[in-house]
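Engineer: Got start.cif for you, mmCIF, C-alpha atoms:
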```cif
data_protein
#
loop_
_atom_site.group_PDB
_atom_site.id
_atom_site.type_symbol
_atom_site.label_atom_id
_atom_site.label_comp_id
_atom_site.auth_asym_id
_atom_site.auth_seq_id
_atom_site.Cartn_x
_atom_site.Cartn_y
_atom_site.Cartn_z
ATOM 1 C CA MET A 20 159.496 137.999 77.126
ATOM 2 C CA ASP A 21 158.701 139.395 80.548
ATOM 3 C CA ARG A 22 155.571 138.585 82.541
ATOM 4 C CA ASN A 23 153.632 141.106 80.445
ATOM 5 C CA GLY A 24 154.690 139.468 77.190
ATOM 6 C CA HIS A 25 157.088 142.275 76.257
ATOM 7 C CA VAL A 26 160.238 141.629 74.237
ATOM 8 C CA ARG A 27 163.214 142.791 76.237
ATOM 9 C CA ASP A 28 166.320 141.176 74.682
ATOM 10 C CA PRO A 29 167.422 139.039 71.697
ATOM 11 C CA ALA A 30 166.435 135.782 73.398
ATOM 12 C CA THR A 31 162.879 136.924 74.090
ATOM 13 C CA ALA A 32 162.647 138.343 70.548
ATOM 14 C CA ASP A 33 163.535 134.901 69.209
ATOM 15 C CA ALA A 34 160.951 133.324 71.515
ATOM 16 C CA TYR A 35 158.286 135.760 70.364
ATOM 17 C CA ALA A 36 159.055 135.116 66.703
ATOM 18 C CA ALA A 37 158.752 131.363 67.204
ATOM 19 C CA ALA A 38 155.650 131.405 69.398
ATOM 20 C CA ARG A 39 153.601 134.380 68.187
ATOM 21 C CA MET A 40 154.751 135.732 64.836
ATOM 22 C CA PRO A 41 152.937 133.113 62.677
ATOM 23 C CA ALA A 42 149.635 133.608 64.525
ATOM 24 C CA THR A 43 149.928 137.397 64.340
ATOM 25 C CA PHE A 44 150.586 137.101 60.617
ATOM 26 C CA ALA A 45 147.577 134.812 60.101
ATOM 27 C CA ALA A 46 145.140 137.003 62.063
ATOM 28 C CA SER A 47 146.410 140.217 60.481
ATOM 29 C CA ALA A 48 146.229 138.739 56.992
ATOM 30 C CA ARG A 49 142.647 137.604 57.491
ATOM 31 C CA ALA A 50 141.618 141.000 58.866
ATOM 32 C CA MET A 51 143.265 142.800 55.955
ATOM 33 C CA ASP A 52 141.722 140.365 53.482
ATOM 34 C CA GLY A 53 138.347 141.316 54.941
ATOM 35 C CA ALA A 54 139.084 144.986 54.362
ATOM 36 C CA ALA A 55 140.475 144.390 50.867
ATOM 37 C CA ASP A 56 137.365 142.442 49.868
ATOM 38 C CA ARG A 57 135.216 145.407 50.846
ATOM 39 C CA LEU A 58 137.553 147.979 49.305
ATOM 40 C CA PRO A 59 138.488 146.536 45.905
ATOM 41 C CA ARG A 60 139.662 149.910 44.585
ATOM 42 C CA LEU A 61 142.047 150.541 47.476
ATOM 43 C CA ARG A 62 145.678 150.579 46.353
ATOM 44 C CA PRO A 63 147.797 151.802 49.275
ATOM 45 C CA THR A 64 151.425 152.580 48.552
ATOM 46 C CA THR A 65 152.639 153.554 52.053
ATOM 47 C CA LEU A 66 152.304 151.590 55.297
ATOM 48 C CA LEU A 67 152.820 152.532 58.938
ATOM 49 C CA ASP A 68 152.923 149.462 61.206
ATOM 50 C CA VAL A 69 152.777 150.518 64.868
ATOM 51 C CA GLY A 70 153.768 148.108 67.603
ATOM 52 C CA ALA A 71 155.249 146.145 64.738
ATOM 53 C CA GLY A 72 157.310 143.709 66.784
ATOM 54 C CA THR A 73 159.222 141.531 64.333
ATOM 55 C CA GLY A 74 157.073 142.636 61.388
ATOM 56 C CA ALA A 75 154.301 140.023 61.102
ATOM 57 C CA ALA A 76 151.554 142.529 60.231
ATOM 58 C CA SER A 77 153.753 144.172 57.603
ATOM 59 C CA TRP A 78 154.413 140.812 55.983
ATOM 60 C CA ALA A 79 150.639 140.277 55.921
ATOM 61 C CA ALA A 80 149.931 143.730 54.475
ATOM 62 C CA SER A 81 152.491 143.220 51.718
ATOM 63 C CA ALA A 82 150.823 139.940 50.775
ATOM 64 C CA VAL A 83 147.332 141.471 50.682
ATOM 65 C CA TRP A 84 148.307 144.740 48.955
ATOM 66 C CA PRO A 85 151.196 144.299 46.479
ATOM 67 C CA SER A 86 150.805 148.015 45.702
ATOM 68 C CA LEU A 87 152.744 148.845 48.903
ATOM 69 C CA THR A 88 156.166 150.276 48.177
ATOM 70 C CA GLU A 89 157.179 152.224 51.310
ATOM 71 C CA LEU A 90 156.936 150.585 54.729
ATOM 72 C CA THR A 91 157.692 152.071 58.142
ATOM 73 C CA LEU A 92 157.650 149.785 61.186
ATOM 74 C CA VAL A 93 157.655 151.194 64.717
ATOM 75 C CA ASP A 94 158.157 149.327 67.997
ATOM 76 C CA ARG A 95 159.424 150.212 71.455
ATOM 77 C CA ALA A 96 161.649 147.101 71.742
ATOM 78 C CA PRO A 97 165.036 147.439 70.001
ATOM 79 C CA ALA A 98 165.499 143.655 70.137
ATOM 80 C CA ALA A 99 162.272 143.108 68.197
ATOM 81 C CA ILE A 100 163.273 145.730 65.639
ATOM 82 C CA ASP A 101 166.706 144.146 65.196
ATOM 83 C CA LEU A 102 165.275 140.681 64.646
ATOM 84 C CA GLY A 103 162.550 141.937 62.335
ATOM 85 C CA ARG A 104 165.085 143.777 60.218
ATOM 86 C CA ARG A 105 167.229 140.653 59.955
ATOM 87 C CA LEU A 106 164.242 138.495 58.981
ATOM 88 C CA ALA A 107 163.262 140.971 56.272
ATOM 89 C CA ARG A 108 166.767 141.420 54.888
ATOM 90 C CA GLY A 109 167.055 139.846 51.477
ATOM 91 C CA GLY A 110 163.362 138.946 51.417
ATOM 92 C CA PRO A 111 160.878 139.698 48.645
ATOM 93 C CA GLY A 112 159.010 142.956 48.182
ATOM 94 C CA PRO A 113 159.398 146.259 50.030
ATOM 95 C CA LEU A 114 160.124 144.797 53.479
ATOM 96 C CA ALA A 115 163.794 144.411 52.647
ATOM 97 C CA ALA A 116 164.045 148.191 52.251
ATOM 98 C CA ALA A 117 161.606 149.094 55.051
ATOM 99 C CA ARG A 118 162.360 151.756 57.631
ATOM 100 C CA TRP A 119 162.433 150.448 61.224
ATOM 101 C CA LEU A 120 162.089 152.898 64.120
ATOM 102 C CA VAL A 121 162.328 152.480 67.887
ATOM 103 C CA ALA A 122 159.578 154.557 69.529
ATOM 104 C CA ASP A 123 156.895 154.251 72.179
ATOM 105 C CA LEU A 124 153.258 154.313 71.104
ATOM 106 C CA GLU A 125 152.451 156.610 73.998
ATOM 107 C CA ASP A 126 154.706 159.234 72.417
ATOM 108 C CA ASP A 127 153.841 161.168 69.291
ATOM 109 C CA VAL A 128 155.153 159.607 66.083
ATOM 110 C CA ALA A 129 154.989 162.282 63.399
ATOM 111 C CA LEU A 130 154.351 159.962 60.460
ATOM 112 C CA ARG A 131 151.530 159.464 57.947
ATOM 113 C CA ALA A 132 150.645 156.637 55.572
ATOM 114 C CA ASP A 133 147.879 155.417 53.301
ATOM 115 C CA LEU A 134 147.526 152.307 55.464
ATOM 116 C CA VAL A 135 148.090 152.282 59.223
ATOM 117 C CA VAL A 136 148.075 148.960 61.095
ATOM 118 C CA GLY A 137 148.078 148.280 64.826
ATOM 119 C CA ALA A 138 148.122 144.535 65.519
ATOM 120 C CA TYR A 139 147.955 143.368 69.149
ATOM 121 C CA VAL A 140 149.096 146.711 70.507
ATOM 122 C CA LEU A 141 146.130 148.299 72.325
ATOM 123 C CA GLY A 142 146.255 145.656 75.036
ATOM 124 C CA GLU A 143 149.809 146.682 75.866
ATOM 125 C CA LEU A 144 148.719 150.226 76.701
ATOM 126 C CA PRO A 145 147.240 151.584 79.916
ATOM 127 C CA ALA A 146 143.476 151.581 79.386
ATOM 128 C CA VAL A 147 143.247 155.321 80.021
ATOM 129 C CA LYS A 148 145.678 156.027 77.168
ATOM 130 C CA ALA A 149 144.278 153.682 74.521
ATOM 131 C CA GLY A 150 141.761 156.214 73.225
ATOM 132 C CA ASP A 151 144.426 158.868 72.739
ATOM 133 C CA VAL A 152 146.654 156.421 70.883
ATOM 134 C CA VAL A 153 143.801 155.379 68.584
ATOM 135 C CA ALA A 154 143.114 159.048 67.852
ATOM 136 C CA ARG A 155 146.783 159.587 66.945
ATOM 137 C CA LEU A 156 146.760 156.545 64.689
ATOM 138 C CA TRP A 157 143.667 157.895 62.941
ATOM 139 C CA ALA A 158 145.375 161.266 62.499
ATOM 140 C CA ALA A 159 148.275 159.407 60.833
ATOM 141 C CA THR A 160 145.911 157.565 58.458
ATOM 142 C CA ASP A 161 145.381 158.911 54.947
ATOM 143 C CA ARG A 162 143.108 156.097 53.783
ATOM 144 C CA LEU A 163 142.647 152.993 55.965
ATOM 145 C CA LEU A 164 143.304 152.062 59.601
ATOM 146 C CA VAL A 165 143.255 148.377 60.626
ATOM 147 C CA LEU A 166 143.285 147.389 64.306
ATOM 148 C CA VAL A 167 143.613 143.758 65.425
ATOM 149 C CA GLU A 168 143.328 142.446 68.980
ATOM 150 C CA PRO A 169 143.005 139.006 70.603
ATOM 151 C CA GLY A 170 139.629 137.370 70.106
ATOM 152 C CA SER A 171 138.732 137.562 73.776
ATOM 153 C CA ARG A 172 136.145 139.542 75.700
ATOM 154 C CA ALA A 173 138.805 142.074 76.689
ATOM 155 C CA GLY A 174 140.282 142.244 73.186
ATOM 156 C CA PHE A 175 136.884 142.833 71.613
ATOM 157 C CA GLY A 176 136.129 145.469 74.257
ATOM 158 C CA ARG A 177 139.169 147.415 73.072
ATOM 159 C CA ILE A 178 138.112 147.047 69.436
ATOM 160 C CA ARG A 179 134.546 148.126 70.216
ATOM 161 C CA ALA A 180 135.783 151.231 72.056
ATOM 162 C CA ALA A 181 138.189 152.099 69.232
ATOM 163 C CA ARG A 182 135.430 151.580 66.664
ATOM 164 C CA ALA A 183 133.097 153.971 68.479
ATOM 165 C CA GLY A 184 135.797 156.626 68.765
ATOM 166 C CA LEU A 185 136.774 156.349 65.108
ATOM 167 C CA ILE A 186 133.163 156.637 63.937
ATOM 168 C CA ALA A 187 132.769 159.734 66.107
ATOM 169 C CA ALA A 188 135.901 161.143 64.448
ATOM 170 C CA GLY A 189 134.341 160.765 60.994
ATOM 171 C CA GLY A 190 135.594 157.343 59.970
ATOM 172 C CA ARG A 191 133.501 154.782 58.137
ATOM 173 C CA VAL A 192 133.674 151.111 59.089
ATOM 174 C CA ALA A 193 134.766 149.040 56.102
ATOM 175 C CA ALA A 194 134.978 145.650 57.844
ATOM 176 C CA PRO A 195 133.803 143.470 59.413
ATOM 177 C CA CYS A 196 130.668 145.410 60.424
ATOM 178 C CA PRO A 197 127.662 145.905 58.143
ATOM 179 C CA SER A 198 127.191 149.535 59.126
ATOM 180 C CA ASP A 199 128.373 152.376 61.344
ATOM 181 C CA ASP A 200 125.513 151.765 63.786
ATOM 182 C CA THR A 201 126.175 151.137 67.472
ATOM 183 C CA CYS A 202 127.567 147.646 67.925
ATOM 184 C CA PRO A 203 124.695 145.315 68.958
ATOM 185 C CA ILE A 204 126.934 142.750 70.653
ATOM 186 C CA GLN A 205 126.713 143.057 74.418
ATOM 187 C CA ASP A 206 128.587 141.562 77.352
ATOM 188 C CA PRO A 207 129.180 138.734 78.017
ATOM 189 C CA ALA A 208 129.271 137.987 74.275
ATOM 190 C CA TRP A 209 132.008 139.263 71.997
ATOM 191 C CA CYS A 210 132.633 139.408 68.256
ATOM 192 C CA HIS A 211 135.639 137.473 67.056
ATOM 193 C CA PHE A 212 136.933 135.354 64.197
ATOM 194 C CA LEU A 213 139.377 132.496 63.723
ATOM 195 C CA ALA A 214 142.492 132.291 61.582
ATOM 196 C CA ARG A 215 143.735 128.727 61.077
ATOM 197 C CA LEU A 216 147.454 128.253 60.558
ATOM 198 C CA ASP A 217 149.781 125.316 60.175
ATOM 199 C CA ARG A 218 152.313 124.749 62.926
ATOM 200 C CA SER A 219 155.899 124.236 61.892
ATOM 201 C CA PRO A 220 157.953 121.582 63.707
ATOM 202 C CA LEU A 221 159.629 124.439 65.613
ATOM 203 C CA GLN A 222 156.263 125.790 66.776
ATOM 204 C CA ARG A 223 155.107 122.363 67.848
ATOM 205 C CA ARG A 224 158.241 121.937 69.933
ATOM 206 C CA THR A 225 158.025 125.495 71.314
ATOM 207 C CA LYS A 226 154.397 125.029 72.385
ATOM 208 C CA ASP A 227 154.714 121.339 73.295
ATOM 209 C CA ALA A 228 151.783 120.785 70.924
ATOM 210 C CA SER A 229 150.692 117.587 69.216
ATOM 211 C CA ARG A 230 148.412 119.061 66.544
ATOM 212 C CA SER A 231 149.891 120.255 63.260
ATOM 213 C CA TRP A 232 147.614 123.318 63.224
ATOM 214 C CA GLU A 233 146.082 125.909 65.522
ATOM 215 C CA ASP A 234 143.236 128.421 65.440
ATOM 216 C CA GLU A 235 144.063 132.012 66.374
ATOM 217 C CA PRO A 236 140.990 133.890 67.683
ATOM 218 C CA PHE A 237 141.049 137.600 66.885
ATOM 219 C CA SER A 238 138.836 140.685 66.795
ATOM 220 C CA TYR A 239 139.373 143.552 64.393
ATOM 221 C CA VAL A 240 138.019 146.678 62.803
ATOM 222 C CA ALA A 241 138.991 148.388 59.543
ATOM 223 C CA VAL A 242 138.032 152.055 59.274
ATOM 224 C CA VAL A 243 138.328 154.111 56.106
ATOM 225 C CA ARG A 244 138.332 157.832 55.426
ATOM 226 C CA PRO A 245 135.152 158.444 53.392
ATOM 227 C CA ALA A 246 136.869 160.904 51.049
ATOM 228 C CA ALA A 247 139.657 158.444 50.263
ATOM 229 C CA VAL A 248 137.766 155.421 48.958
ATOM 230 C CA ASP A 249 134.212 154.122 48.839
ATOM 231 C CA ALA A 250 133.196 151.166 51.017
ATOM 232 C CA ASP A 251 130.127 149.033 50.486
ATOM 233 C CA PRO A 252 129.376 147.353 53.832
ATOM 234 C CA ALA A 253 127.452 144.069 53.850
ATOM 235 C CA PRO A 254 126.210 141.894 56.727
ATOM 236 C CA ARG A 255 128.354 139.021 57.964
ATOM 237 C CA VAL A 256 128.093 135.919 60.070
ATOM 238 C CA VAL A 257 129.743 137.245 63.212
ATOM 239 C CA LEU A 258 129.044 135.020 66.192
ATOM 240 C CA GLY A 259 130.662 131.684 65.577
ATOM 241 C CA ARG A 260 130.234 128.854 63.135
ATOM 242 C CA PRO A 261 126.946 128.360 61.281
ATOM 243 C CA ARG A 262 124.916 125.526 62.793
ATOM 244 C CA HIS A 263 124.107 122.630 60.505
ATOM 245 C CA ARG A 264 121.425 119.987 60.902
ATOM 246 C CA PRO A 265 120.169 117.569 58.247
ATOM 247 C CA GLY A 266 118.608 119.765 55.594
ATOM 248 C CA VAL A 267 118.864 122.928 57.739
ATOM 249 C CA VAL A 268 121.451 125.663 58.367
ATOM 250 C CA GLU A 269 121.181 128.403 60.983
ATOM 251 C CA LEU A 270 123.134 131.646 60.687
ATOM 252 C CA ARG A 271 123.675 134.479 63.138
ATOM 253 C CA ILE A 272 124.022 137.693 61.161
ATOM 254 C CA CYS A 273 124.996 141.201 62.198
ATOM 255 C CA ASP A 274 122.595 143.361 60.189
ATOM 256 C CA ASP A 275 122.380 147.152 60.601
ATOM 257 C CA GLY A 276 122.799 147.382 64.356
ATOM 258 C CA ARG A 277 121.065 144.144 65.347
ATOM 259 C CA ILE A 278 121.807 140.434 65.530
ATOM 260 C CA GLU A 279 119.448 138.111 63.673
ATOM 261 C CA ARG A 280 119.134 134.348 63.485
ATOM 262 C CA ARG A 281 118.183 133.067 60.068
ATOM 263 C CA THR A 282 117.177 129.461 59.469
ATOM 264 C CA LEU A 283 117.169 128.081 55.946
ATOM 265 C CA SER A 284 116.113 124.622 54.818
ATOM 266 C CA ARG A 285 116.016 122.611 51.617
ATOM 267 C CA ARG A 286 112.734 124.199 50.669
ATOM 268 C CA ASP A 287 114.628 127.508 50.264
ATOM 269 C CA GLY A 288 116.477 126.034 47.282
ATOM 270 C CA PRO A 289 119.402 128.174 46.032
ATOM 271 C CA ALA A 290 119.454 130.315 49.218
ATOM 272 C CA TRP A 291 119.904 127.179 51.352
ATOM 273 C CA ARG A 292 122.605 125.798 49.084
ATOM 274 C CA THR A 293 124.463 129.117 49.290
ATOM 275 C CA ALA A 294 124.065 129.293 53.077
ATOM 276 C CA ARG A 295 125.554 125.811 53.496
ATOM 277 C CA ASP A 296 128.866 127.065 52.155
ATOM 278 C CA LEU A 297 129.139 130.109 54.422
ATOM 279 C CA GLY A 298 131.745 130.118 57.168
ATOM 280 C CA TRP A 299 132.518 132.142 60.249
ATOM 281 C CA GLY A 300 132.920 135.796 59.229
ATOM 282 C CA ASP A 301 131.994 135.361 55.560
ATOM 283 C CA PRO A 302 129.984 138.078 53.787
ATOM 284 C CA VAL A 303 126.353 137.021 53.427
ATOM 285 C CA PRO A 304 125.190 137.142 49.785
ATOM 286 C CA PRO A 305 121.932 138.909 48.846
ATOM 287 C CA ILE A 306 120.249 135.609 47.981
ATOM 288 C CA VAL A 307 120.479 134.659 51.665
ATOM 289 C CA LEU A 308 119.676 138.123 53.008
ATOM 290 C CA ASP A 309 116.569 138.385 50.858
ATOM 291 C CA ARG A 310 115.176 135.189 52.362
ATOM 292 C CA ARG A 311 113.404 136.589 55.471
ATOM 293 C CA ASP A 312 110.581 134.107 56.223
ATOM 294 C CA ASP A 313 112.327 132.585 59.237
ATOM 295 C CA VAL A 314 114.165 135.447 60.960
ATOM 296 C CA THR A 315 114.320 135.958 64.726
ATOM 297 C CA ALA A 316 115.962 138.651 66.789
ATOM 298 C CA ASP A 317 118.963 137.843 68.938
ATOM 299 C CA ASP A 318 120.214 139.880 71.876
ATOM 300 C CA GLY A 319 123.832 139.150 71.069
ATOM 301 C CA ARG A 320 124.426 137.565 74.459
ATOM 302 C CA THR A 321 124.289 133.846 73.813
ATOM 303 C CA GLU A 322 126.241 131.551 71.550
#
```
What does the file become when written as structure tokens?

Structural biologist:
Amino acid sequence: MDRNGHVRDPATADAYAAARMPATFAASARAMDGAADRLPRLRPTTLLDVGAGTGAASWAASAVWPSLTELTLVDRAPAAIDLGRRLARGGPGPLAAARWLVADLEDDVALRADLVVGAYVLGELPAVKAGDVVARLWAATDRLLVLVEPGSRAGFGRIRAARAGLIAAGGRVAAPCPSDDTCPIQDPAWCHFLARLDRSPLQRRTKDASRSWEDEPFSYVAVVRPAAVDADPAPRVVLGRPRHRPGVVELRICDDGRIERRTLSRRDGPAWRTARDLGWGDPVPPIVLDRRDDVTADDGRTE
């Protein structure tokens, strides 16, 4: 890869696959799982994976939605396309017969699909062109668009901008947000999640790492066409891990355009026991949401 992280030849494609493909798969799979949980009736059959690289997001989509039968993967790097095609050859599901195209995201790609995925691609674009690319991806989407970016302040900034543009274009947020209201999270805070993945011996050698696992931070948004499928948004724990103290759990919840802190203790009985099992990014069940005796506002700035 060059200094910008771009694949330029077979050697850098191999390096990317070893260093980044598993993490991209893990983050994409968790983002798509979030969308699938909120859209249980969604059964996409066609996929367009833009900035596909070696195909990690398509592998994830195929695992989340077995209904997929026709996959098209687009990337500007021929070396990435060649390696991705070889990795998919002979594999299970529709990836073995997928169509792989070399094209630049900044150019028009006259394709449409039920599901369109852009994983870790907006950050590779000039900032002034990202909005136009998101609009083209939305125009290519028949049912659901999923965008995934690094779980950093800059990555979330790109997701927040894309989210606002897609809502303005008529899309409805399916995940992870509880509504289509203006995002309440302000700088310097950002909304992100973690995908934990096991490191293979090759990854550990590639990254000179001692741990057998790693956490991939990511931000994402899944936007659905209202006429295509119904979504039923629900609040989520969005700003980090729940805080546990003896007999007490504190949650930060994104709820209809605001951030709230909710503290539950043993005296809350079933609501407390349910809250203890919630993790970063999990949907918050009604039994916890209905418990409102100890709720405080949060400006979304601190963690």

Engineer: Identify which of the residues A:Arg162, A:Arg108, A:Arg49, A:Arg39 lies closest to A:Arg215, counting all atoms listed in the file when measuring atom-to-atom distances.

Structural biologist: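 Once distances to A:Arg215 are computed over all atoms listed in the file, the minimum belongs to A:Arg49.
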
Engineer: So that I can see what lies close to stretch 179-192 of chain A, please list as a PyMOL selection string the residues with an atom at most 7 Å from it, counting all atoms listed in the file and leaving out residues fewer than 4 positions away in the same chain.

Structural biologist: chain A and resi 150+153+175+196+198-199+240-245

Engineer: Using all atoms listed in the file for the distances, tell me which of A:Leu141, A:Ala82, A:Val135, A:Phe44 is nearest to A:Leu114.

Structural biologist: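 Checking each of A:Leu141, A:Ala82, A:Val135, A:Phe44 against A:Leu114, counting all atoms listed in the file, the winner is A:Ala82.
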
Engineer: Tell me, as a ChimeraX atom specification, which residues lie within 8 Å of A:Ile178, counting all atoms listed in the file; anything in the same chain fewer than 4 positions away does not count.

Structural biologist: /A:166-168,174,182,238-240

Engineer: Out of A:Leu156, A:Ala214, A:Leu66, A:Leu134, which residue has the shortest atom-to-atom distance to A:Ser47 when counting all atoms listed in the file?

Structural biologist: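 The shortest atom-to-atom distance to A:Ser47 comes from A:Ala214.
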
Engineer: Which residues, named as in the file, does the PyMOL selection byres ((chain A and resi 201-206) around 9) pick out? Answer as a compact mmCIF listing (two decimals) with C-alpha atoms, in the frame of the given file.

Structural biologist:
```
# COMPACT_ATOMS: atom_id res chain seq x y z
CA ARG A 172 136.15 139.54 75.70
CA ARG A 179 134.55 148.13 70.22
CA ARG A 182 135.43 151.58 66.66
CA ALA A 183 133.10 153.97 68.48
CA CYS A 196 130.67 145.41 60.42
CA SER A 198 127.19 149.54 59.13
CA ASP A 199 128.37 152.38 61.34
CA ASP A 200 125.51 151.76 63.79
CA PRO A 207 129.18 138.73 78.02
CA ALA A 208 129.27 137.99 74.28
CA TRP A 209 132.01 139.26 72.00
CA CYS A 210 132.63 139.41 68.26
CA CYS A 273 125.00 141.20 62.20
CA ASP A 275 122.38 147.15 60.60
CA GLY A 276 122.80 147.38 64.36
CA ARG A 277 121.06 144.14 65.35
CA ILE A 278 121.81 140.43 65.53
CA ASP A 318 120.21 139.88 71.88
CA GLY A 319 123.83 139.15 71.07
CA ARG A 320 124.43 137.56 74.46
```

Engineer: Just to confirm, what's the straight-line distance from atom CA of A:Thr73 to atom CA of A:Leu61 in Å (one decimal)?

Structural biologist: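 Spanning atom CA of A:Thr73 to atom CA of A:Leu61 is a straight-line distance of 25.7 Å.
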
Engineer: For atom CA of A:Pro113 and atom CA of A:Leu92, determine how far apart the two atoms are, in Å to one decimal place.

Structural biologist: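 Atom CA of A:Leu92 lies at a distance of 11.8 Å from atom CA of A:Pro113.
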